[in-house]
$ cat structure_19.tsv   # TSV, C-alpha atoms
chain	number	residue	atom	x	y	z
C	8	MET	CA	88.25	59.55	153.00
C	9	ARG	CA	86.55	62.63	151.60
C	10	PHE	CA	87.10	66.21	152.75
C	11	SER	CA	85.00	69.34	152.46
C	12	TYR	CA	84.55	72.81	153.83
C	13	SER	CA	81.61	75.14	154.39
C	14	VAL	CA	81.74	78.60	152.81
C	15	SER	CA	81.19	81.59	155.08
C	16	ALA	CA	82.25	84.56	152.90
C	17	LEU	CA	82.38	85.34	149.19
C	18	GLY	CA	84.41	88.45	148.34
C	19	SER	CA	84.63	89.48	144.70
C	20	SER	CA	83.69	87.00	141.97
C	21	ALA	CA	87.34	86.64	140.97
C	22	THR	CA	88.47	86.11	144.56
C	23	PHE	CA	85.77	83.54	145.23
C	24	ALA	CA	86.54	81.66	142.02
C	25	GLU	CA	90.22	81.45	142.90
C	26	ARG	CA	89.41	80.27	146.43
C	27	CYS	CA	87.35	77.47	144.92
C	28	ARG	CA	90.13	76.49	142.53
C	29	SER	CA	92.71	76.55	145.31
C	30	ALA	CA	90.49	74.29	147.42
C	31	GLU	CA	90.29	71.83	144.55
C	32	ARG	CA	94.08	71.89	144.20
C	33	ALA	CA	94.46	71.37	147.97
C	34	GLY	CA	92.52	68.12	147.85
C	35	TYR	CA	89.07	69.16	148.97
C	36	ASP	CA	86.34	67.01	147.47
C	37	VAL	CA	83.25	69.13	148.22
C	38	LEU	CA	82.42	72.79	148.79
C	39	PHE	CA	79.34	73.25	150.95
C	40	VAL	CA	77.10	76.24	151.67
C	41	ALA	CA	74.80	76.43	154.69
C	42	ASP	CA	71.35	78.03	154.69
C	43	HIS	CA	71.38	81.00	157.08
C	44	LEU	CA	69.74	84.32	156.38
C	45	ASP	CA	72.93	86.25	157.19
C	46	GLY	CA	75.02	84.10	154.85
C	47	PRO	CA	75.34	83.67	151.08
C	48	ALA	CA	72.41	82.33	149.06
C	49	PRO	CA	73.14	78.63	148.58
C	50	PHE	CA	72.40	77.84	144.95
C	51	ALA	CA	73.83	80.99	143.36
C	52	THR	CA	77.02	80.47	145.36
C	53	LEU	CA	77.26	76.82	144.39
C	54	ALA	CA	76.70	77.60	140.70
C	55	ALA	CA	79.63	80.04	140.81
C	56	ALA	CA	81.80	77.44	142.54
C	57	ALA	CA	80.91	74.77	140.00
C	58	CYS	CA	81.70	77.09	137.10
C	59	ALA	CA	85.09	77.93	138.59
C	60	THR	CA	86.21	74.32	139.05
C	61	ASP	CA	86.45	71.06	137.13
C	62	GLU	CA	85.86	68.25	139.63
C	63	LEU	CA	85.04	69.89	142.98
C	64	ARG	CA	81.61	68.75	144.10
C	65	VAL	CA	79.19	71.35	145.43
C	66	GLY	CA	76.41	71.02	147.97
C	67	THR	CA	74.33	72.30	150.84
C	68	LEU	CA	75.19	71.48	154.44
C	69	VAL	CA	72.45	71.86	155.17
C	70	LEU	CA	69.35	73.59	153.86
C	71	ASN	CA	66.68	74.49	156.39
C	72	SER	CA	63.86	72.31	155.04
C	73	ALA	CA	61.26	74.76	156.40
C	74	PHE	CA	62.52	77.43	153.99
C	75	TRP	CA	61.75	75.32	150.91
C	76	THR	CA	58.91	73.37	149.35
C	77	PRO	CA	60.14	70.03	148.00
C	78	ARG	CA	59.13	70.75	144.41
C	79	LEU	CA	60.87	74.12	144.22
C	80	LEU	CA	63.92	72.72	145.96
C	81	VAL	CA	64.19	69.84	143.51
C	82	ARG	CA	64.00	72.28	140.59
C	83	GLU	CA	66.97	74.23	142.01
C	84	ALA	CA	68.96	71.10	142.74
C	85	LEU	CA	68.40	69.48	139.35
C	86	THR	CA	69.25	72.66	137.47
C	87	LEU	CA	72.51	73.01	139.39
C	88	ASN	CA	73.22	69.33	138.90
C	89	GLU	CA	72.83	69.55	135.13
C	90	LEU	CA	75.01	72.66	134.90
C	91	SER	CA	77.72	71.13	137.09
C	92	GLY	CA	77.81	67.77	135.34
C	93	GLY	CA	76.33	65.79	138.23
C	94	ARG	CA	78.44	67.22	141.06
C	95	VAL	CA	75.65	68.14	143.51
C	96	GLU	CA	75.28	66.93	147.10
C	97	LEU	CA	71.88	68.08	148.38
C	98	GLY	CA	71.83	68.39	152.17
C	99	LEU	CA	68.72	68.98	154.28
C	100	GLY	CA	68.20	69.66	157.98
C	101	ALA	CA	65.42	70.65	160.35
C	102	GLY	CA	66.58	74.19	161.16
C	103	TYR	CA	67.43	75.26	164.70
C	104	LEU	CA	67.57	79.07	164.98
C	105	LYS	CA	64.23	80.43	166.17
C	106	GLY	CA	65.17	83.98	165.16
C	107	GLU	CA	65.65	82.93	161.54
C	108	PHE	CA	62.21	81.36	161.39
C	109	GLN	CA	60.71	84.56	162.75
C	110	GLU	CA	62.69	86.74	160.36
C	111	ALA	CA	61.60	84.58	157.41
C	112	GLY	CA	57.98	84.74	158.52
C	113	ILE	CA	57.78	80.98	159.10
C	114	PRO	CA	56.09	79.60	162.24
C	115	TRP	CA	58.51	78.17	164.78
C	116	GLU	CA	57.72	74.65	165.98
C	117	GLY	CA	59.21	72.34	168.57
C	118	ALA	CA	62.03	69.92	167.81
C	119	ALA	CA	59.74	66.93	167.29
C	120	GLN	CA	57.54	68.79	164.81
C	121	ARG	CA	60.54	70.13	162.89
C	122	ALA	CA	62.03	66.64	162.71
C	123	ARG	CA	58.72	65.25	161.43
C	124	ARG	CA	58.49	67.91	158.73
C	125	LEU	CA	62.07	67.21	157.72
C	126	ASP	CA	61.27	63.52	157.34
C	127	GLU	CA	58.32	64.35	155.09
C	128	ALA	CA	60.42	66.74	153.02
C	129	VAL	CA	63.27	64.26	152.57
C	130	ARG	CA	60.84	61.54	151.55
C	131	ASP	CA	59.26	63.80	148.91
C	132	VAL	CA	62.62	65.10	147.64
C	133	ARG	CA	64.01	61.57	147.34
C	134	ARG	CA	60.98	60.46	145.34
C	135	MET	CA	61.17	63.45	142.98
C	136	LEU	CA	64.89	63.04	142.41
C	137	ALA	CA	64.42	59.37	141.59
C	138	ALA	CA	61.73	60.22	139.05
C	139	ALA	CA	63.66	63.03	137.35
C	140	ASP	CA	65.21	62.64	133.92
C	141	GLY	CA	68.59	64.10	133.08
C	142	ASP	CA	71.97	63.41	131.58
C	143	ALA	CA	73.87	63.88	134.85
C	144	ALA	CA	74.04	61.45	137.75
C	145	ALA	CA	71.39	62.18	140.39
C	146	PRO	CA	72.38	64.48	143.28
C	147	ARG	CA	73.68	62.76	146.36
C	148	LEU	CA	71.20	63.23	149.24
C	149	VAL	CA	72.60	64.33	152.61
C	150	VAL	CA	70.68	64.72	155.87
C	151	GLY	CA	72.38	66.46	158.77
C	152	GLY	CA	71.73	66.90	162.47
C	153	MET	CA	72.38	65.21	165.78
C	154	SER	CA	69.02	64.41	167.33
C	155	GLU	CA	67.85	60.81	167.24
C	156	GLN	CA	64.77	61.77	165.20
C	157	VAL	CA	66.76	63.54	162.50
C	158	LEU	CA	69.39	60.79	162.40
C	159	ARG	CA	66.64	58.22	161.94
C	160	THR	CA	65.51	60.07	158.83
C	161	ALA	CA	69.12	60.29	157.64
C	162	ALA	CA	69.71	56.59	158.21
C	163	GLN	CA	66.56	55.52	156.39
C	164	ARG	CA	66.53	57.95	153.46
C	165	ALA	CA	69.90	59.66	152.83
C	166	ASP	CA	73.11	58.68	151.06
C	167	THR	CA	75.24	60.61	153.55
C	168	VAL	CA	74.48	60.98	157.26
C	169	SER	CA	76.07	64.20	158.50
C	170	LEU	CA	76.70	64.40	162.23
C	171	SER	CA	76.76	68.04	163.31
C	172	GLY	CA	78.54	67.24	166.57
C	173	LEU	CA	76.31	69.61	168.54
C	174	LEU	CA	73.82	68.56	171.21
C	175	GLN	CA	71.11	70.80	172.59
C	176	VAL	CA	71.82	71.82	176.19
C	177	LYS	CA	68.97	70.59	178.35
C	178	LYS	CA	66.62	73.25	179.74
C	179	ALA	CA	68.41	75.94	177.71
C	180	PRO	CA	66.85	77.98	174.88
C	181	ALA	CA	66.65	76.24	171.52
C	182	GLY	CA	69.93	76.63	169.66
C	183	THR	CA	72.11	76.44	172.79
C	184	PHE	CA	74.57	73.67	172.04
C	185	ARG	CA	77.55	71.78	173.38
C	186	LEU	CA	80.02	69.47	171.68
C	187	ALA	CA	79.27	65.76	171.66
C	188	THR	CA	81.76	63.49	173.40
C	189	ALA	CA	83.23	60.33	171.89
C	190	GLU	CA	80.79	58.19	173.91
C	191	GLU	CA	77.80	60.22	172.74
C	192	THR	CA	79.03	60.03	169.15
C	193	ALA	CA	79.36	56.26	169.40
C	194	ALA	CA	75.79	56.04	170.64
C	195	ARG	CA	74.54	58.17	167.74
C	196	VAL	CA	76.46	56.05	165.23
C	197	ARG	CA	74.94	52.86	166.70
C	198	HIS	CA	71.51	54.46	166.40
C	199	VAL	CA	72.14	55.31	162.74
C	200	ARG	CA	73.25	51.78	161.92
C	201	GLU	CA	70.29	50.24	163.72
C	202	GLN	CA	67.85	52.51	161.90
C	203	ALA	CA	69.54	51.96	158.55
C	204	GLY	CA	69.26	48.18	158.67
C	205	GLU	CA	70.40	46.71	155.36
C	206	ARG	CA	71.31	50.22	154.11
C	207	ALA	CA	74.00	50.65	156.78
C	208	ALA	CA	76.84	49.26	154.68
C	209	SER	CA	76.20	51.76	151.88
C	210	LEU	CA	75.85	54.88	154.05
C	211	GLU	CA	78.59	57.48	154.22
C	212	LEU	CA	79.10	59.02	157.68
C	213	ASN	CA	80.17	62.65	157.73
C	214	ALA	CA	81.42	64.72	160.68
C	215	LEU	CA	81.04	68.50	160.75
C	216	VAL	CA	84.12	69.46	162.78
C	217	GLN	CA	83.44	72.50	164.95
C	218	MET	CA	87.03	73.55	165.66
C	219	VAL	CA	90.51	72.99	164.26
C	220	VAL	CA	93.38	74.24	166.43
C	221	ALA	CA	96.95	73.79	165.21
C	222	CYS	CA	99.28	73.69	168.24
C	223	ASP	CA	102.30	71.91	169.68
C	224	ASP	CA	100.69	71.01	173.03
C	225	ARG	CA	97.17	69.76	172.45
C	226	ARG	CA	96.52	68.92	176.11
C	227	ALA	CA	97.48	72.39	177.28
C	228	VAL	CA	95.11	73.91	174.73
C	229	ALA	CA	92.32	71.53	175.73
C	230	GLU	CA	92.77	72.40	179.40
C	231	ARG	CA	92.67	76.10	178.58
C	232	LEU	CA	89.53	75.75	176.49
C	233	THR	CA	87.67	73.65	179.05
C	234	ALA	CA	88.61	76.10	181.79
C	235	GLY	CA	87.14	78.94	179.72
C	236	PRO	CA	84.87	78.87	176.66
C	237	ILE	CA	83.98	75.14	176.83
C	238	PRO	CA	83.32	74.55	180.55
C	239	GLU	CA	80.80	71.76	179.97
C	240	MET	CA	83.55	69.31	178.94
C	241	THR	CA	86.69	67.94	180.55
C	242	ALA	CA	90.00	68.20	178.71
C	243	ASP	CA	89.92	64.45	178.04
C	244	GLU	CA	86.41	64.69	176.60
C	245	LEU	CA	87.42	67.53	174.31
C	246	LEU	CA	90.52	65.67	173.13
C	247	GLY	CA	88.42	62.59	172.41
C	248	SER	CA	85.57	64.33	170.59
C	249	PRO	CA	85.55	63.73	166.81
C	250	PHE	CA	84.22	67.27	166.36
C	251	ALA	CA	87.34	69.05	167.65
C	252	LEU	CA	90.79	68.65	166.10
C	253	LEU	CA	93.72	69.84	168.21
C	254	GLY	CA	97.45	69.36	167.80
C	255	THR	CA	100.13	69.23	165.16
C	256	VAL	CA	99.20	68.32	161.60
C	257	GLU	CA	100.24	64.71	162.15
C	258	GLU	CA	98.36	64.53	165.46
C	259	MET	CA	95.20	65.80	163.77
C	260	ALA	CA	95.69	63.30	160.95
C	261	ASP	CA	96.01	60.57	163.58
C	262	GLN	CA	92.76	61.72	165.17
C	263	LEU	CA	90.95	61.38	161.85
C	264	ARG	CA	92.42	57.93	161.27
C	265	ARG	CA	91.19	56.93	164.73
C	266	HIS	CA	87.73	58.43	164.16
C	267	ARG	CA	87.43	56.52	160.90
C	268	ALA	CA	88.33	53.27	162.65
C	269	GLU	CA	86.15	53.85	165.74
C	270	PHE	CA	83.07	55.54	164.26
C	271	GLY	CA	83.27	54.93	160.53
C	272	LEU	CA	83.64	58.64	159.76
C	273	GLU	CA	84.77	58.64	156.13
C	274	HIS	CA	83.93	62.25	155.28
C	275	VAL	CA	85.11	65.28	157.27
C	276	THR	CA	83.86	68.85	156.87
C	277	VAL	CA	85.39	71.98	158.40
C	278	TYR	CA	84.30	75.61	158.41
C	279	GLU	CA	86.01	78.02	156.04
C	280	PRO	CA	88.16	79.77	158.71
C	281	PHE	CA	89.88	76.40	159.23
C	282	ARG	CA	90.19	75.63	155.53
C	283	ASP	CA	93.87	76.40	155.01
C	284	VAL	CA	95.24	74.72	158.13
C	285	PHE	CA	93.05	71.68	157.48
C	286	ALA	CA	94.43	71.48	153.94
C	287	ARG	CA	97.75	70.50	155.53
C	288	VAL	CA	95.99	67.65	157.32
C	289	ILE	CA	94.43	66.55	154.06
C	290	ALA	CA	97.89	66.47	152.48
C	291	ALA	CA	99.16	64.21	155.27
C	292	LEU	CA	96.25	61.83	154.83
C	293	ARG	CA	96.52	61.85	151.04
C	294	ASP	CA	100.14	60.75	151.46
C	295	ASP	CA	98.77	57.68	153.26
C	296	GLU	CA	96.73	56.92	150.14
C	297	GLY	CA	99.67	57.33	147.80
C	298	GLY	CA	98.56	60.80	146.72
C	299	THR	CA	95.19	59.66	145.39
C	300	GLY	CA	91.99	61.61	145.82
C	301	GLY	CA	88.84	60.85	147.84
$ encode --input "structure_19.tsv" --output "structure tokens"
Amino acid sequence: MRFSYSVSALGSSATFAERCRSAERAGYDVLFVADHLDGPAPFATLAAAACATDELRVGTLVLNSAFWTPRLLVREALTLNELSGGRVELGLGAGYLKGEFQEAGIPWEGAAQRARRLDEAVRDVRRMLAAADGDAAAPRLVVGGMSEQVLRTAAQRADTVSLSGLLQVKKAPAGTFRLATAEETAARVRHVREQAGERAASLELNALVQMVVACDDRRAVAERLTAGPIPEMTADELLGSPFALLGTVEEMADQLRRHRAEFGLEHVTVYEPFRDVFARVIAALRDDEGGTGG
């Protein structure tokens, strides 16, 4: 399995560099940066992370494809890839926050139109990357989302399919999400494999875990969460979702082993606030592999 986390804060250059090095020591394979206007700029952050580390891969999970033209994006990605020695994972998505589109001065479109534009962008980026010359291995292409349209693009064009774990709440404003259940995840994975065809065996499936809660009584925590901040799920649904990890370190490791067996999830990403507790889970899983890396 591979493990990664998504950066949310930088701090000083020295502090950030040490956080990157400590993540590498803890067994993380990839450091990701998202593409939100209130967050760090992706490529400058990733360049700093690559300079601070030796083997840690760096990538975007995911860029809002509407914010970039394919040609300019490929220039950024290839430059970073050369400087990092071929450690780039280039992730693209359709964007989902209407306010960010408005703030960036980019017209907001419906989900179908955004998914179509993403498909066009990924096609163009893939072609340009394949045609590029360079000493480093080509960037790995990641496409992330949860809608069937976006996952079709991911299945047909990407190297890694990243499942965000969030489903749009029906009849709610765009960007209002809920966690996907195990059954809904299984359906999405089947859809990906059907759309991938002969490519299915070579695809990596990634899960963007939305919460990591270390506790001694996972059911009690699940019941508390579903009675409060997550009312749209039952406790059993929350405990079964591959996008929520609850329990002791060994229980969370068991969940990931089960999710790998049931859904084929070989790559797990967490948000930075969960980075340190999840590192203990990584250690437990690395012990299964005899201490070897990803």
$ closest_residue --input "structure_19.tsv" --among "C:Leu215, C:Ala234, C:Ala221, C:Ala179" --to "Pro249 in chain C" --atoms "all atoms listed in the file"
C:Leu215
$ closest_residue --input "structure_19.tsv" --among "C:Leu174, C:Leu292, C:Leu148, C:Ala193" --to "Ala260 in chain C" --atoms "all atoms listed in the file"
C:Leu292
$ atom_distance --input "structure_19.tsv" --atom1 "CA of Asp224 in chain C" --atom2 "CA of Ser11 in chain C"
25.9 Å
$ closest_residue --input "structure_19.tsv" --among "C:Val199, C:Leu97, C:Ile289, C:Val256" --to "Phe39 in chain C" --atoms "all atoms listed in the file"
C:Leu97
$ closest_residue --input "structure_19.tsv" --among "C:Leu44, C:Leu17, C:Leu87, C:Leu79" --to "Asp131 in chain C" --atoms "only C-alpha atoms"
C:Leu79
$ residues_around --input "structure_19.tsv" --residues "Arg185 in chain C" --least-positions-apart "4" --cutoff "8 Å" --atoms "all atoms listed in the file" --output "CSV table (one decimal) with C-alpha atoms, keeping the file's coordinate frame"
chain,number,residue,atom,x,y,z
C,173,LEU,CA,76.3,69.6,168.5
C,174,LEU,CA,73.8,68.6,171.2
C,175,GLN,CA,71.1,70.8,172.6
C,176,VAL,CA,71.8,71.8,176.2
C,239,GLU,CA,80.8,71.8,180.0
$ residues_around --input "structure_19.tsv" --residues "Val129 in chain C" --least-positions-apart "3" --cutoff "12 Å" --atoms "all atoms listed in the file" --output "mmCIF file with C-alpha atoms, in the coordinates of the input"
data_model
loop_
_atom_site.group_PDB
_atom_site.id
_atom_site.type_symbol
_atom_site.label_atom_id
_atom_site.label_comp_id
_atom_site.auth_asym_id
_atom_site.auth_seq_id
_atom_site.Cartn_x
_atom_site.Cartn_y
_atom_site.Cartn_z
ATOM 1 C CA LEU C 70 69.350 73.590 153.860
ATOM 2 C CA ASN C 71 66.680 74.490 156.390
ATOM 3 C CA SER C 72 63.860 72.310 155.040
ATOM 4 C CA ALA C 73 61.260 74.760 156.400
ATOM 5 C CA TRP C 75 61.750 75.320 150.910
ATOM 6 C CA THR C 76 58.910 73.370 149.350
ATOM 7 C CA PRO C 77 60.140 70.030 148.000
ATOM 8 C CA ARG C 78 59.130 70.750 144.410
ATOM 9 C CA LEU C 80 63.920 72.720 145.960
ATOM 10 C CA VAL C 81 64.190 69.840 143.510
ATOM 11 C CA LEU C 97 71.880 68.080 148.380
ATOM 12 C CA GLY C 98 71.830 68.390 152.170
ATOM 13 C CA LEU C 99 68.720 68.980 154.280
ATOM 14 C CA GLY C 100 68.200 69.660 157.980
ATOM 15 C CA ALA C 101 65.420 70.650 160.350
ATOM 16 C CA ALA C 122 62.030 66.640 162.710
ATOM 17 C CA ARG C 123 58.720 65.250 161.430
ATOM 18 C CA ARG C 124 58.490 67.910 158.730
ATOM 19 C CA LEU C 125 62.070 67.210 157.720
ATOM 20 C CA ASP C 126 61.270 63.520 157.340
ATOM 21 C CA VAL C 132 62.620 65.100 147.640
ATOM 22 C CA ARG C 133 64.010 61.570 147.340
ATOM 23 C CA ARG C 134 60.980 60.460 145.340
ATOM 24 C CA MET C 135 61.170 63.450 142.980
ATOM 25 C CA LEU C 136 64.890 63.040 142.410
ATOM 26 C CA LEU C 148 71.200 63.230 149.240
ATOM 27 C CA VAL C 149 72.600 64.330 152.610
ATOM 28 C CA VAL C 150 70.680 64.720 155.870
ATOM 29 C CA GLY C 151 72.380 66.460 158.770
ATOM 30 C CA VAL C 157 66.760 63.540 162.500
ATOM 31 C CA ARG C 159 66.640 58.220 161.940
ATOM 32 C CA THR C 160 65.510 60.070 158.830
ATOM 33 C CA ALA C 161 69.120 60.290 157.640
ATOM 34 C CA ALA C 162 69.710 56.590 158.210
ATOM 35 C CA GLN C 163 66.560 55.520 156.390
ATOM 36 C CA ARG C 164 66.530 57.950 153.460
ATOM 37 C CA ALA C 165 69.900 59.660 152.830
ATOM 38 C CA ASP C 166 73.110 58.680 151.060
#
$ residues_near_point --input "structure_19.tsv" --point "(65.4, 77.0, 169.5)" --cutoff "7 Å" --atoms "only C-alpha atoms" --output "PyMOL selection string"
chain C and resi 103-105+180-182
$ atom_distance --input "structure_19.tsv" --atom1 "CA of Thr60 in chain C" --atom2 "CA of Leu170 in chain C"
26.9 Å
$ decode --input "structure_19.tsv" --residues "range 47-79 of chain C" --atoms "C-alpha atoms" --output "mmCIF file, in the first residue's frame"
data_model
loop_
_atom_site.group_PDB
_atom_site.id
_atom_site.type_symbol
_atom_site.label_atom_id
_atom_site.label_comp_id
_atom_site.auth_asym_id
_atom_site.auth_seq_id
_atom_site.Cartn_x
_atom_site.Cartn_y
_atom_site.Cartn_z
ATOM 1 C CA PRO C 47 -1.001 27.406 -0.169
ATOM 2 C CA ALA C 48 -0.046 27.765 -3.832
ATOM 3 C CA PRO C 49 0.461 24.205 -5.080
ATOM 4 C CA PHE C 50 3.638 24.213 -7.133
ATOM 5 C CA ALA C 51 5.745 26.518 -4.949
ATOM 6 C CA THR C 52 4.801 24.398 -1.926
ATOM 7 C CA LEU C 53 5.622 21.157 -3.711
ATOM 8 C CA ALA C 54 8.988 22.484 -4.904
ATOM 9 C CA ALA C 55 9.911 23.299 -1.298
ATOM 10 C CA ALA C 56 8.808 19.833 -0.175
ATOM 11 C CA ALA C 57 10.816 18.135 -2.904
ATOM 12 C CA CYS C 58 13.932 20.128 -2.022
ATOM 13 C CA ALA C 59 13.604 19.180 1.642
ATOM 14 C CA THR C 60 13.337 15.430 1.035
ATOM 15 C CA ASP C 61 15.078 12.631 -0.837
ATOM 16 C CA GLU C 62 12.380 10.162 -1.898
ATOM 17 C CA LEU C 63 9.029 11.641 -0.839
ATOM 18 C CA ARG C 64 6.850 12.072 -3.900
ATOM 19 C CA VAL C 65 4.964 15.344 -4.328
ATOM 20 C CA GLY C 66 1.679 16.044 -6.051
ATOM 21 C CA THR C 67 -1.626 17.834 -6.352
ATOM 22 C CA LEU C 68 -4.819 16.345 -4.956
ATOM 23 C CA VAL C 69 -6.344 17.859 -6.852
ATOM 24 C CA LEU C 70 -5.967 20.928 -9.026
ATOM 25 C CA ASN C 71 -9.148 22.678 -10.092
ATOM 26 C CA SER C 72 -8.843 22.175 -13.858
ATOM 27 C CA ALA C 73 -10.825 25.381 -14.495
ATOM 28 C CA PHE C 74 -8.018 27.416 -12.914
ATOM 29 C CA TRP C 75 -5.424 26.217 -15.443
ATOM 30 C CA THR C 76 -4.914 25.947 -19.182
ATOM 31 C CA PRO C 77 -3.415 22.566 -20.097
ATOM 32 C CA ARG C 78 -0.279 24.037 -21.664
ATOM 33 C CA LEU C 79 0.595 26.248 -18.705
#
